[in-house]
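**Q** Handing over protein_11.txt, compact mmCIF, C-alpha atoms and all ligand atoms.
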```txt
# COMPACT_ATOMS: atom_id res chain seq x y z
CA MET A 1 0.00 0.00 0.00
CA LYS A 2 1.24 3.49 -0.82
CA GLN A 3 0.58 6.88 0.73
CA LEU A 4 0.96 10.37 -0.64
CA LEU A 5 3.60 12.29 1.26
CA THR A 6 4.42 15.97 1.10
CA LEU A 7 7.99 16.56 2.19
CA ASN A 8 10.00 19.78 2.34
CA VAL A 9 13.53 18.77 1.47
CA ASN A 10 16.40 21.18 0.86
CA GLY A 11 14.00 24.06 0.42
CA GLU A 12 11.83 22.29 -2.14
CA ARG A 13 8.39 20.81 -1.67
CA HIS A 14 8.07 17.24 -2.94
CA GLU A 15 4.92 15.21 -3.34
CA VAL A 16 5.64 11.52 -3.57
CA TRP A 17 3.72 8.26 -3.38
CA ALA A 18 5.69 5.89 -1.20
CA ALA A 19 5.06 2.54 0.43
CA VAL A 20 3.63 3.05 3.91
CA HIS A 21 6.30 0.93 5.59
CA LYS A 22 9.21 3.00 4.29
CA THR A 23 11.39 5.04 6.62
CA LEU A 24 12.44 8.57 5.83
CA LEU A 25 15.84 7.18 4.86
CA GLU A 26 14.25 4.89 2.28
CA VAL A 27 11.98 7.59 0.87
CA LEU A 28 14.87 10.02 0.54
CA ARG A 29 17.08 7.50 -1.23
CA GLU A 30 14.63 5.39 -3.20
CA ASP A 31 11.78 7.76 -4.03
CA LEU A 32 13.45 11.19 -4.08
CA HIS A 33 16.78 9.76 -5.33
CA LEU A 34 18.75 11.77 -2.77
CA THR A 35 21.38 9.13 -2.18
CA GLY A 36 23.77 11.35 -0.25
CA THR A 37 22.07 10.17 2.92
CA LYS A 38 23.71 6.87 3.70
CA HIS A 39 22.19 3.56 4.54
CA GLY A 40 24.02 1.91 7.40
CA CYS A 41 22.75 -0.26 10.22
CA GLU A 42 19.05 0.72 10.06
CA LEU A 43 19.05 0.22 13.81
CA GLY A 44 19.85 3.69 15.06
CA GLU A 45 23.41 2.79 15.94
CA CYS A 46 25.78 4.06 13.25
CA GLY A 47 24.52 7.58 12.55
CA ALA A 48 25.24 7.36 8.81
CA CYS A 49 21.65 8.19 7.95
CA SER A 50 21.50 11.49 9.86
CA VAL A 51 19.66 14.42 8.32
CA LEU A 52 18.58 17.70 9.84
CA ILE A 53 14.92 18.03 10.68
CA ASP A 54 14.08 21.60 11.61
CA GLY A 55 17.80 22.06 12.25
CA VAL A 56 18.16 19.08 14.57
CA PRO A 57 20.15 15.96 13.61
CA MET A 58 17.85 12.95 13.42
CA LEU A 59 18.44 9.35 12.39
CA SER A 60 16.37 9.03 9.24
CA CYS A 61 16.29 5.23 9.55
CA LEU A 62 14.16 5.66 12.67
CA VAL A 63 11.81 8.35 11.34
CA LEU A 64 8.56 7.73 9.50
CA PRO A 65 8.18 10.31 6.75
CA VAL A 66 4.55 10.94 7.60
CA GLU A 67 5.74 12.35 10.95
CA VAL A 68 7.86 15.08 9.36
CA GLN A 69 5.59 16.38 6.61
CA HIS A 70 5.44 19.79 8.26
CA SER A 71 9.16 20.02 8.92
CA GLU A 72 12.12 21.32 6.97
CA ILE A 73 14.42 18.46 6.06
CA LEU A 74 18.02 19.13 5.09
CA THR A 75 20.18 16.48 3.46
CA VAL A 76 23.76 16.79 2.34
CA GLU A 77 22.55 17.69 -1.17
CA GLY A 78 21.17 20.91 0.29
CA LEU A 79 24.34 22.05 2.05
CA ALA A 80 25.87 23.97 -0.82
CA HIS A 81 24.44 27.42 -1.46
CA ASN A 82 24.32 29.15 -4.85
CA GLY A 83 26.76 26.61 -6.19
CA GLN A 84 29.25 27.27 -3.41
CA PRO A 85 30.16 24.53 -0.97
CA HIS A 86 29.32 25.04 2.67
CA PRO A 87 32.39 26.11 4.73
CA LEU A 88 32.30 22.69 6.41
CA GLN A 89 32.54 20.99 3.02
CA THR A 90 35.48 23.21 2.11
CA ALA A 91 37.20 22.45 5.40
CA PHE A 92 36.65 18.69 5.04
CA ALA A 93 38.15 18.83 1.56
CA GLU A 94 41.07 21.04 2.67
CA LEU A 95 42.03 18.70 5.49
CA GLY A 96 41.25 15.37 3.87
CA ALA A 97 38.66 14.64 6.54
CA ALA A 98 36.85 12.10 4.37
CA GLN A 99 38.31 8.77 3.35
CA CYS A 100 35.68 6.31 2.14
CA GLY A 101 33.17 9.12 2.67
CA TYR A 102 30.37 6.93 3.99
CA CYS A 103 30.05 8.86 7.24
CA THR A 104 30.76 12.25 5.68
CA PRO A 105 27.21 13.44 4.89
CA ALA A 106 26.13 12.71 8.45
CA MET A 107 29.27 14.30 9.87
CA LEU A 108 28.74 17.45 7.82
CA LEU A 109 25.10 17.83 8.78
CA THR A 110 25.70 17.09 12.45
CA ALA A 111 28.55 19.58 12.50
CA LYS A 112 26.36 22.17 10.76
CA ALA A 113 23.74 21.80 13.47
CA LEU A 114 26.43 22.31 16.09
CA LEU A 115 27.93 25.40 14.44
CA ASP A 116 24.50 26.92 13.84
CA HIS A 117 23.88 26.62 17.56
CA ASN A 118 27.42 27.23 18.82
CA PRO A 119 29.60 29.00 16.21
CA HIS A 120 32.84 28.55 18.16
CA PRO A 121 32.63 25.23 19.98
CA GLU A 122 35.35 23.79 22.18
CA ARG A 123 36.93 20.57 20.93
CA GLU A 124 35.04 18.59 23.53
CA ALA A 125 31.72 20.01 22.33
CA ILE A 126 32.60 18.92 18.78
CA ARG A 127 33.45 15.44 20.02
CA GLN A 128 30.18 15.20 21.86
CA ALA A 129 28.14 16.48 18.91
CA LEU A 130 29.73 13.94 16.54
CA ALA A 131 29.78 11.05 19.00
CA GLY A 132 26.70 9.40 17.50
CA THR A 133 28.21 9.16 14.03
CA LEU A 134 30.65 6.30 13.56
CA CYS A 135 33.65 6.58 11.25
CA ARG A 136 35.57 3.46 10.42
CA CYS A 137 38.33 5.21 8.49
CA THR A 138 39.68 8.47 9.83
CA GLY A 139 40.19 8.07 13.55
CA TYR A 140 38.14 11.29 13.85
CA THR A 141 41.16 13.60 14.24
CA LYS A 142 40.85 15.27 10.85
CA ILE A 143 37.07 15.44 11.10
CA ILE A 144 37.29 17.35 14.37
CA ALA A 145 40.03 19.56 12.96
CA ALA A 146 37.87 20.31 9.93
CA VAL A 147 34.97 21.39 12.11
CA GLU A 148 37.33 23.64 14.05
CA LEU A 149 38.64 25.05 10.79
CA ALA A 150 35.15 25.79 9.51
CA ALA A 151 34.38 27.48 12.81
CA GLN A 152 37.44 29.67 12.38
CA GLY A 153 36.31 30.50 8.88
CA ASN A 154 39.89 30.57 7.68
CA PRO A 155 41.19 27.62 5.66
CA GLU A 156 44.74 29.04 5.81
CA SER A 157 45.05 28.47 9.54
CA ALA A 158 44.68 24.71 9.50
CA HIS A 159 46.51 22.70 12.14
CA VAL A 160 45.98 18.94 12.01
S1 LIG A 201 21.41 3.63 9.30
FE1 LIG A 201 20.43 4.91 10.74
S2 LIG A 201 21.68 4.83 12.51
FE2 LIG A 201 22.62 3.40 11.15
S1 LIG A 202 35.43 8.25 6.08
FE1 LIG A 202 34.96 6.11 5.94
S2 LIG A 202 33.51 5.80 7.55
FE2 LIG A 202 34.21 7.84 7.86
```
Write out the structure in this file as structure tokens.

**A**
Amino acid sequence: MKQLLTLNVNGERHEVWAAVHKTLLEVLREDLHLTGTKHGCELGECGACSVLIDGVPMLSCLVLPVEVQHSEILTVEGLAHNGQPHPLQTAFAELGAAQCGYCTPAMLLTAKALLDHNPHPEREAIRQALAGTLCRCTGYTKIIAAVELAAQGNPESAHV
């Protein structure tokens, strides 16, 4: 059975018929073809599926899309603005903070939520904000440095 959903994603309103059992993660990837949001454990444990819902990081594998029809959903595809990467994307690229990249969309969005709330976080606050997103590649050091760099707003002053 399918249901008609109206979802506000990355500033655009989408109407989509989707199977009633699908999670937000599945609707984003399979029906809206926004595959930047990654499919990991589907159990709420890895954080790879995080998106921002009304500015708050949420695990899209645990959200039913019908619950968020009146919310603003931001995925990694919506991070760039007017063709320019978000400062976090620039900082991740500058510092090589992505390796396989599987965790990167969730890291970027979670870090954006932090910086929107706390523009100059201490390192410990960054660690805490990103703690729910697992990275199997980087050891986290460059990711945390990239968030600090984006917070500084100056790619020239990178220290890794
Ligand atoms: S896929 Fe959602 S937390 Fe792992
Ligand atoms: S870069 Fe591979 S899981 Fe984080």

**Q** Enumerate as an NGL selection string the residues within 6 Å of ligand LIG 201 (chain A), counting all atoms listed in the file.

**A** :A and (39-49 or 59-61)

**Q** Which residues, protein or nucleic acid, reach to within 12 Å of (14.4, 20.2, 17.9) in the file's coordinates when using all atoms listed in the file, and can you give that as a ChimeraX atom specification?

**A** /A:52-58,68,71-73,113,117

**Q** Around ligand LIG 202 (chain A), which protein and nucleic acid residues have at least one atom no more than 9 Å from it, if we count all atoms listed in the file? List them as a list in words.

**A**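 Every residue with an atom at most 9 Å from ligand LIG 202 (chain A) is listed here: Ala48, Ala97, Ala98, Gln99, Cys100, Gly101, Tyr102, Cys103, Thr104, Met107, Thr133, Leu134, Cys135, Arg136, Cys137, Thr138, Gly139, Tyr140 and Ile143 of chain A.
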
**Q** Counting all atoms listed in the file, figure out which residue out of A:His21, A:Arg13, A:Val63, A:Gln84 gets nearest to A:Met1.

**A**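 Distance minimum relative to A:Met1 lands on A:His21.
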
**Q** If we count all atoms listed in the file, what is near A:Pro65 at a cut-off of 12 Å, once residues fewer than 5 positions away on the same chain are taken out, given as a tab-separated table (two decimals) with C-alpha atoms, in the coordinates of the input?

**A**
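Just written: around_34.tsv:
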```tsv
chain	number	residue	atom	x	y	z
A	3	GLN	CA	0.58	6.88	0.73
A	4	LEU	CA	0.96	10.37	-0.64
A	5	LEU	CA	3.60	12.29	1.26
A	6	THR	CA	4.42	15.97	1.10
A	7	LEU	CA	7.99	16.56	2.19
A	8	ASN	CA	10.00	19.78	2.34
A	9	VAL	CA	13.53	18.77	1.47
A	14	HIS	CA	8.07	17.24	-2.94
A	15	GLU	CA	4.92	15.21	-3.34
A	16	VAL	CA	5.64	11.52	-3.57
A	17	TRP	CA	3.72	8.26	-3.38
A	18	ALA	CA	5.69	5.89	-1.20
A	19	ALA	CA	5.06	2.54	0.43
A	20	VAL	CA	3.63	3.05	3.91
A	21	HIS	CA	6.30	0.93	5.59
A	22	LYS	CA	9.21	3.00	4.29
A	23	THR	CA	11.39	5.04	6.62
A	24	LEU	CA	12.44	8.57	5.83
A	25	LEU	CA	15.84	7.18	4.86
A	26	GLU	CA	14.25	4.89	2.28
A	27	VAL	CA	11.98	7.59	0.87
A	28	LEU	CA	14.87	10.02	0.54
A	31	ASP	CA	11.78	7.76	-4.03
A	53	ILE	CA	14.92	18.03	10.68
A	59	LEU	CA	18.44	9.35	12.39
A	60	SER	CA	16.37	9.03	9.24
A	70	HIS	CA	5.44	19.79	8.26
A	71	SER	CA	9.16	20.02	8.92
A	72	GLU	CA	12.12	21.32	6.97
A	73	ILE	CA	14.42	18.46	6.06
```

**Q** One decimal, in Å: what's the spacing between atom CA of A:Leu108 and atom CA of A:Val76?

**A**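 Taking atom CA of A:Leu108 as the start and atom CA of A:Val76 as the end point, the length is 7.4 Å.
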
**Q** Can you sort out the box for stretch 58-73 of chain A, edges along x, y and z, all listed atoms in, 4 Å on every side, with centre and edge lengths in Å to one decimal, as AutoDock Vina command-line options?

**A**
```
--center_x 11.5 --center_y 13.3 --center_z 9.7 --size_x 21.9 --size_y 24.1 --size_z 15.4
```

**Q** Between A:Thr35, A:Ser50, A:Asn10, A:Thr141, which residue has the minimum interatomic distance to A:Gly96, considering all atoms listed in the file?

**A**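 When distances to A:Gly96 are compared using all atoms listed in the file, the smallest one comes from A:Thr141.
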
**Q** Any idea what the distance is between atom CA of A:Val51 and atom CA of A:Ile144?

**A**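 Going from atom CA of A:Val51 over to atom CA of A:Ile144, I get 18.9 Å.
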
**Q** To one decimal place in Å, what is the distance between atom CA of A:Ala150 and atom CA of A:Thr90?

**A**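 About the pair atom CA of A:Ala150 and atom CA of A:Thr90: they are 7.8 Å apart.
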
**Q** I'd like the neighbourhood of A:Glu124 as a list in words, where a residue qualifies if any of its atoms comes within 12 Å (using only C-alpha atoms), though same-chain residues fewer than 2 positions away should be ignored.

**A**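 Those residues are Leu114, His120, Pro121, Glu122, Ile126, Arg127, Gln128, Ala129, Leu130, Ala131, Ile144, Ala145, Val147 and Glu148 of chain A.
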
**Q** Take the residues that were just selected and, keeping C-alpha atoms, output them as a tab-separated table (two decimals), in the frame of the given file.

**A**
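Generated output (selection-v9.tsv):
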```tsv
chain	number	residue	atom	x	y	z
A	114	LEU	CA	26.43	22.31	16.09
A	120	HIS	CA	32.84	28.55	18.16
A	121	PRO	CA	32.63	25.23	19.98
A	122	GLU	CA	35.35	23.79	22.18
A	126	ILE	CA	32.60	18.92	18.78
A	127	ARG	CA	33.45	15.44	20.02
A	128	GLN	CA	30.18	15.20	21.86
A	129	ALA	CA	28.14	16.48	18.91
A	130	LEU	CA	29.73	13.94	16.54
A	131	ALA	CA	29.78	11.05	19.00
A	144	ILE	CA	37.29	17.35	14.37
A	145	ALA	CA	40.03	19.56	12.96
A	147	VAL	CA	34.97	21.39	12.11
A	148	GLU	CA	37.33	23.64	14.05
```

**Q** Give the answer as one residue: which of A:Leu34, A:Gly132, A:Lys2, A:Gly11 has the shortest atom-to-atom distance to A:His81, using all atoms listed in the file?

**A**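 Smallest separation from A:His81 among the options: A:Gly11.
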